[in-house]
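Written out below as structure tokens is the structure these notes cover.
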Protein chains: 2
Amino acid sequence: MEQDQPRLASVTVADVARAAGVSKATAARVLGGYGTVSDRARAAVTAAAKALDYRPNELARSMTTGRSGTIGVVVGDIENPFFSLAVRGIADVARLAGFNVILTNSGEESGFEKAAVKTLTARRVDGLIVSPAHDGDIEHLRDVARSGRPLVLLDRAVSSLGVDAVTADDAAAGERAARLLIDEGHRRIVYLTACDPGPQGFTALGDLYTGSVRERVSGFLRAGAEAGIADMAALVRPGANTPERVRRIVLDLLALSEPPTAIIASDSVIGLEVFRLARELGLDLPGGLSLVSFHDADWTSVTSPPVTVIRQPVYDMGAAAARRLVERLKGETGPARHAVLETALVERGSVGPAPAQTRPPLRRPA
Amino acid sequence: MEQDQPRLASVTVADVARAAGVSKATAARVLGGYGTVSDRARAAVTAAAKALDYRPNELARSMTTGRSGTIGVVVGDIENPFFSLAVRGIADVARLAGFNVILTNSGEESGFEKAAVKTLTARRVDGLIVSPAHDGDIEHLRDVARSGRPLVLLDRAVSSLGVDAVTADDAAAGERAARLLIDEGHRRIVYLTACDPGPQGFTALGDLYTGSVRERVSGFLRAGAEAGIADMAALVRPGANTPERVRRIVLDLLALSEPPTAIIASDSVIGLEVFRLARELGLDLPGGLSLVSFHDADWTSVTSPPVTVIRQPVYDMGAAAARRLVERLKGETGPARHAVLETALVERGSVGPAPAQTRPPLRRPA
DNA sequence: ATTCCTCCTGAGACCGGTCTCTTTCAGATT
DNA sequence: AATCTGAAAGAGACCGGTCTCAGGAGGAAT
């Protein structure tokens, strides 16, 4: 072993070159793996590098090459199993393609998202995968697109940006979930989602600034309209951003003179909190309340009853986004593509017929 | 608005300086926020920078300063709620201290971990937080320590490295969990963990190369020894690295002539799979099998029965690790510190008395 | 033997910042 | 008026790599 000198200054190509008795250029060629070098020189440099414990400085390297071998990812919330699974998909594909992943959390806040994007571009990532928190506030993404740096949107498309996107078939999924409940006779169905509430709650689709949520709600409303349900929009509830807020919203809803008979939760974190609250209240599922949750999270299959969910191909969504980004990074040009992945309705035990009411449960015309 | 020139080459300080009619040095002073500059010059440079849409190149900056404003994090598995919560703690503290976080997943594999550490140091992160997958294989960490770059170990201490670490009181927690079960009369208790199995399973503590796991098992064995249980070590089962392997191991155990009456799961992912399997097998919890899981994951409180868990201060562990790293980054020297955070046993419904057996349930001497 | 071509190598510019060193100049001091 | 002081600004080296370009050596072709 070499002596334990507390080395602060790092070994550079120049040091290696000197030790090997060649020029800096030749050493760089060996160490960087480019150009042509004689076997003799190569051996000398390799040996010197090893002896000196040379470690390349990626920073310097990417400063000159312009490429960093890194892709930046900005997700809403790594804690949400949806995103952590998607990130895994991204990471796996990236690794195979030889890219490193820099991950950042926006906390679903536009301000943090902007800061994250700024930091990542400043650090010259080769490309970005972002799930935009707020699709009315996308100047920073437009900047990225304009700068020519590849950008792929994940889970939330923003068509006006004209960049690649990978999402699930949210509108169809929202419609499917609503229809399932309607077919069971439910008429007062809540759509509960984490999108920040506007000044006075939900009034129109435009109030929902998260792409995926808006899609889902549009499907939800469509199902209601087709079934002739008067005011399907009345029970769309954004603002379920924390467990506490989920509880407050649901408690308020249950206190209505005509309480809802079913809830659709827009992600598994919300779904879990609804489930927990129902159980605390002694509310029987699905007898007293039916529940459908987006995202087939692990726990949904072990509760009693297990939860009926919309299964999204989350891992694949991440992987597809990364694959697309890598294509772009490899020079693929051509128009922006929006990949829409199919979801599946997994029927388990949390949906049952609506309890008998004043109005008899009408069946939707087949 | 400016014209939409598709700018590929980025604007540099030199460009700004030229536009502002000052020297590169002066422009750099304004843009970099250092040195002294007249108000007139400052105004000119600021205006020029805005007009040209100047964006600093963080790479170039950190190449000269030697600091990158970034801390690298290598965790075993971001998908595991334990790590995603810890990462959140890290990210929050880092953000407040003005650092960015680069996150990497090792998949609990030493090889990937090494690659990740190498990449991160090559990109000159200012410091590292790592949860070492294998504490017999730490040359790469030793290199980091030797290079003088601050390193904090998370969840898994390696005392021989002589670096800061933040862990839970794993030995105490393991002992506590085992004791709870022993007090309920259990004698055949499984400790199920994800640590990769040696050639022929568990034979001695040294076979467990994950620090936290070894600690927990040592506590587990100690509890057994104190209660005079003959062969507590016989039911220590590493290798539960995937849901499938959890199933296989548990099924094998249940097929024993004298099957275990209780299982301790070393993390919530394992705990969930055990729970699911028990339910599939129609095994009553806690009547037919008692279960204690490490990590107070969300879902553990909503199952039927809810799961008794060891609650670790996961978020705080991440935050503490980040805080310590930031201290070091700010120049704190002084000896390595190992912070041990307390855990709590949260008794819920998945633990019950051992079913009557040939041997009568002995109570541990108070 | 001469020319041509290929292979290898070294010198040095360059990337985009920071930072030291030097010079200039205005205002204060005596 | 002469000197001192300190703020402001410019020139240019530097960080650690990459890469272009020009030149030298050796082998093949003529």
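Naming works like this for the structure tokens: A, B, ... for the chains as they're shown, residue 1 at the start of each chain, ligands 1 onward in shown order.
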Cα RMSD of chain A after least-squares fit onto chain B, all atoms paired in order |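 The root-mean-square deviation of C-alpha positions is 0.1 Å.
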Enumerate the residues of stretch 79-195 of chain A with a DSSP assignment of strand (DSSP E or B), computed from the backbone, and present them as a list in words.
->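 Matching residues, listed in order: Asn100, Val101, Ile102, Leu103, Thr104, Asn105, Gly127, Leu128, Ile129, Val130, Leu151, Val152, Leu153, Leu154, Asp164, Ala165, Val166, Thr167, Ala168, Ile189, Val190, Tyr191 and Leu192 of chain A.
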Name the residues in contact with D:DG23 at a cut-off of 12 Å, using only C-alpha atoms (C1' of nucleotides), excluding same-chain residues fewer than 4 positions from it; report them as a VMD selection string.
-> chain C and resid 8 to 11
Produce a table with one row for each residue of chain A that has an atom at most 9 Å from any atom of chain C, each row naming the nearest atom pair and its distance in Å at one decimal; use only C-alpha atoms (C1' of nucleotides); arrange rows by chain and rising residue number; format as a tab-separated table.
residue	atom	partner	partner_atom	distance
A:Val22	CA	C:DT9	C1'	8.6
A:Ser23	CA	C:DG10	C1'	6.1
A:Lys24	CA	C:DG10	C1'	8.2
A:Ala25	CA	C:DG10	C1'	7.1
A:Thr26	CA	C:DT9	C1'	6.9
A:Thr36	CA	C:DC8	C1'	7.1
A:Val37	CA	C:DC8	C1'	6.3
A:Ser38	CA	C:DC8	C1'	6.7
A:Ala60	CA	C:DC15	C1'	8.7
A:Met63	CA	C:DC15	C1'	5.8
A:Thr64	CA	C:DC15	C1'	4.8
A:Thr65	CA	C:DC15	C1'	8.2
A:Gly66	CA	C:DC15	C1'	8.5
Selection from above, C-alpha atoms, as a PDB file, in the first residue's frame, can you write it?
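Dumped everything to result_29.pdb:
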ATOM      1  CA  VAL A  22       4.736  11.805 -21.658  1.00  0.00           C
ATOM      2  CA  SER A  23       2.915  14.951 -22.628  1.00  0.00           C
ATOM      3  CA  LYS A  24      -0.311  16.040 -21.012  1.00  0.00           C
ATOM      4  CA  ALA A  25      -2.083  15.431 -24.300  1.00  0.00           C
ATOM      5  CA  THR A  26      -0.977  11.817 -24.479  1.00  0.00           C
ATOM      6  CA  THR A  36      -4.724   6.886 -30.758  1.00  0.00           C
ATOM      7  CA  VAL A  37      -1.889   6.020 -28.445  1.00  0.00           C
ATOM      8  CA  SER A  38       0.957   3.543 -28.655  1.00  0.00           C
ATOM      9  CA  ALA A  60     -13.665  19.635 -15.837  1.00  0.00           C
ATOM     10  CA  MET A  63     -17.115  21.598 -18.976  1.00  0.00           C
ATOM     11  CA  THR A  64     -15.158  21.045 -22.130  1.00  0.00           C
ATOM     12  CA  THR A  65     -17.257  18.366 -23.696  1.00  0.00           C
ATOM     13  CA  GLY A  66     -20.517  20.105 -22.912  1.00  0.00           C
TER      14      GLY A  66
END
Tell me, as an NGL selection string, which residues lie within 10 Å of B:Ser62, counting only C-alpha atoms (C1' of nucleotides); anything in the same chain fewer than 5 positions away does not count.
-> (:A and (59-60 or 123)) or (:B and (57 or 67-70 or 123-125)) or (:C and (17-18)) or (:D and (15))
Could those residues be written to a file, using C-alpha atoms (C1' of nucleotides), as a short mmCIF file (atom, residue, chain, number, x, y, z; two decimals), in the first residue's frame?
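Generated file (result09.cif):
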data_model
loop_
_atom_site.label_atom_id
_atom_site.label_comp_id
_atom_site.auth_asym_id
_atom_site.auth_seq_id
_atom_site.Cartn_x
_atom_site.Cartn_y
_atom_site.Cartn_z
CA LEU A 59 -16.60 18.57 -13.76
CA ALA A 60 -13.66 19.64 -15.84
CA ARG A 123 -25.18 22.22 -13.52
CA ASN B 57 -22.49 27.90 -15.58
CA ARG B 67 -17.09 23.68 -4.03
CA SER B 68 -20.18 22.48 -5.83
CA GLY B 69 -22.93 23.26 -3.37
CA THR B 70 -24.06 19.70 -3.71
CA ARG B 123 -18.58 15.13 -9.96
CA ARG B 124 -17.02 16.71 -6.91
CA VAL B 125 -19.92 16.71 -4.51
"C1'" DG C 17 -15.93 30.90 -14.44
"C1'" DT C 18 -12.71 32.85 -10.02
"C1'" DC D 15 -8.91 25.16 -12.36
#
Please measure the separation of atom CA of B:Ala91 and atom CA of A:Ala168, giving the value in Å to one decimal.
->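 Atom-to-atom, atom CA of B:Ala91 and atom CA of A:Ala168 are spaced 28.4 Å apart.
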Determine the nearest neighbour of chain D from the options A:Glu280, A:Asp39, A:Asp126, A:Glu58, counting only C-alpha atoms (C1' of nucleotides).
->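 Of A:Glu280, A:Asp39, A:Asp126, A:Glu58, the one nearest chain D, counting only C-alpha atoms (C1' of nucleotides), is A:Glu58.
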Find the spatial neighbours of B:Ser266, counting only C-alpha atoms (C1' of nucleotides), within a cut-off of 6 Å - ignore same-chain residues fewer than 5 positions away - and output them as a ChimeraX atom specification.
-> /B:192-193,294
Taking only C-alpha atoms into account, what are the residues of chain A at most 9 Å from chain B, put as an NGL selection string?
-> :A and (4-8 or 10 or 55-60 or 62-63 or 77-81 or 83-85 or 87-88 or 91 or 100-105 or 116 or 118-119 or 121-124 or 146-148 or 269 or 272 or 275-276 or 279 or 298-304)
Can I get the selected residues back with C-alpha atoms, as an mmCIF file, in the first residue's frame?
data_model
loop_
_atom_site.group_PDB
_atom_site.id
_atom_site.type_symbol
_atom_site.label_atom_id
_atom_site.label_comp_id
_atom_site.auth_asym_id
_atom_site.auth_seq_id
_atom_site.Cartn_x
_atom_site.Cartn_y
_atom_site.Cartn_z
ATOM 1 C CA ASP A 4 -1.344 7.642 3.786
ATOM 2 C CA GLN A 5 -0.594 11.178 2.692
ATOM 3 C CA PRO A 6 -3.605 13.337 3.469
ATOM 4 C CA ARG A 7 -4.011 14.470 -0.074
ATOM 5 C CA LEU A 8 -6.071 17.586 -0.497
ATOM 6 C CA SER A 10 -6.101 16.042 -6.363
ATOM 7 C CA ARG A 55 -9.340 10.161 -10.274
ATOM 8 C CA PRO A 56 -10.770 12.065 -13.187
ATOM 9 C CA ASN A 57 -12.561 15.299 -12.478
ATOM 10 C CA GLU A 58 -15.921 14.892 -14.171
ATOM 11 C CA LEU A 59 -16.604 18.571 -13.764
ATOM 12 C CA ALA A 60 -13.665 19.635 -15.837
ATOM 13 C CA SER A 62 -18.056 17.978 -18.834
ATOM 14 C CA MET A 63 -17.115 21.598 -18.976
ATOM 15 C CA ASP A 77 -42.803 14.122 -4.053
ATOM 16 C CA ILE A 78 -40.339 11.262 -3.761
ATOM 17 C CA GLU A 79 -42.179 10.016 -0.731
ATOM 18 C CA ASN A 80 -45.215 9.281 -2.808
ATOM 19 C CA PRO A 81 -44.883 5.649 -3.910
ATOM 20 C CA PHE A 83 -43.017 8.792 -7.877
ATOM 21 C CA SER A 84 -40.536 6.556 -6.161
ATOM 22 C CA LEU A 85 -41.579 3.713 -8.441
ATOM 23 C CA VAL A 87 -37.997 7.109 -10.456
ATOM 24 C CA ARG A 88 -36.871 3.542 -10.240
ATOM 25 C CA ALA A 91 -32.971 5.128 -12.933
ATOM 26 C CA ASN A 100 -26.473 9.229 -13.922
ATOM 27 C CA VAL A 101 -29.615 10.547 -12.398
ATOM 28 C CA ILE A 102 -29.845 13.660 -10.298
ATOM 29 C CA LEU A 103 -33.062 13.609 -8.395
ATOM 30 C CA THR A 104 -34.857 16.588 -6.943
ATOM 31 C CA ASN A 105 -38.058 17.036 -5.048
ATOM 32 C CA ALA A 116 -34.708 22.849 -9.044
ATOM 33 C CA LYS A 118 -32.614 26.273 -12.591
ATOM 34 C CA THR A 119 -30.070 24.419 -10.492
ATOM 35 C CA THR A 121 -29.674 23.404 -15.948
ATOM 36 C CA ALA A 122 -26.960 25.467 -14.269
ATOM 37 C CA ARG A 123 -25.181 22.225 -13.516
ATOM 38 C CA ARG A 124 -25.589 21.402 -17.159
ATOM 39 C CA ARG A 146 -36.058 26.836 -26.030
ATOM 40 C CA SER A 147 -32.495 26.231 -24.918
ATOM 41 C CA GLY A 148 -32.546 23.018 -26.895
ATOM 42 C CA VAL A 269 -51.622 8.529 -0.215
ATOM 43 C CA LEU A 272 -54.872 5.436 2.481
ATOM 44 C CA PHE A 275 -59.423 4.309 4.312
ATOM 45 C CA ARG A 276 -57.967 5.084 7.705
ATOM 46 C CA ARG A 279 -62.183 2.790 9.698
ATOM 47 C CA ASP A 298 -48.661 -2.355 -2.166
ATOM 48 C CA TRP A 299 -50.889 -1.935 0.821
ATOM 49 C CA THR A 300 -54.118 -1.737 -1.161
ATOM 50 C CA SER A 301 -54.257 -5.479 -1.539
ATOM 51 C CA VAL A 302 -53.844 -6.351 2.137
ATOM 52 C CA THR A 303 -56.496 -4.251 3.802
ATOM 53 C CA SER A 304 -59.906 -5.517 4.769
#
What are the nearest atom pairs, with distances in Å to one decimal, for all residues of chain D that come at most 7 Å from chain B, using only C-alpha atoms (C1' of nucleotides), set out by chain and rising residue number as a tab-separated table?
residue	atom	partner	partner_atom	distance
D:DA8	C1'	B:Val37	CA	6.2
D:DA9	C1'	B:Thr26	CA	6.6
D:DG10	C1'	B:Ser23	CA	6.2
D:DC15	C1'	B:Thr64	CA	4.8
Next, dump the selected residues to file, keeping only C-alpha atoms (C1' of nucleotides), as an mmCIF file, in the first residue's frame.
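Below is the file result-v4.cif, written as the result:
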data_model
loop_
_atom_site.group_PDB
_atom_site.id
_atom_site.type_symbol
_atom_site.label_atom_id
_atom_site.label_comp_id
_atom_site.auth_asym_id
_atom_site.auth_seq_id
_atom_site.Cartn_x
_atom_site.Cartn_y
_atom_site.Cartn_z
ATOM 1 C "C1'" DA D 8 -12.636 50.488 -8.435
ATOM 2 C "C1'" DA D 9 -11.297 48.260 -12.514
ATOM 3 C "C1'" DG D 10 -8.428 45.686 -15.896
ATOM 4 C "C1'" DC D 15 -8.914 25.156 -12.364
#
Residue among B:Ala48, B:Val351, B:Leu254, B:Leu151 lying closest to B:Asp15, counting only C-alpha atoms = B:Ala48
Stretch 109-351 of chain B: residues DSSP assigns to alpha helix (DSSP H), reported as number ranges by chain = B: 110-122, 139-147, 170-183, 211-226, 243-254, 268-280, 314-329
Surrounding residues of B:Ile264 excluding itself and chain neighbours under 4 positions, 8 Å, only C-alpha atoms (C1' of nucleotides), as a PyMOL selection string | chain B and resi 177-178+189-192+271+291-294
Do you have the atom CA of A:Gly33-atom C1' of D:DT18 distance handy?
-> 11.2 Å
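Residue nearest A:Ser159, chosen from A:His338, A:Ala97, A:Asp53, A:Arg248 and counting only C-alpha atoms: A:His338.
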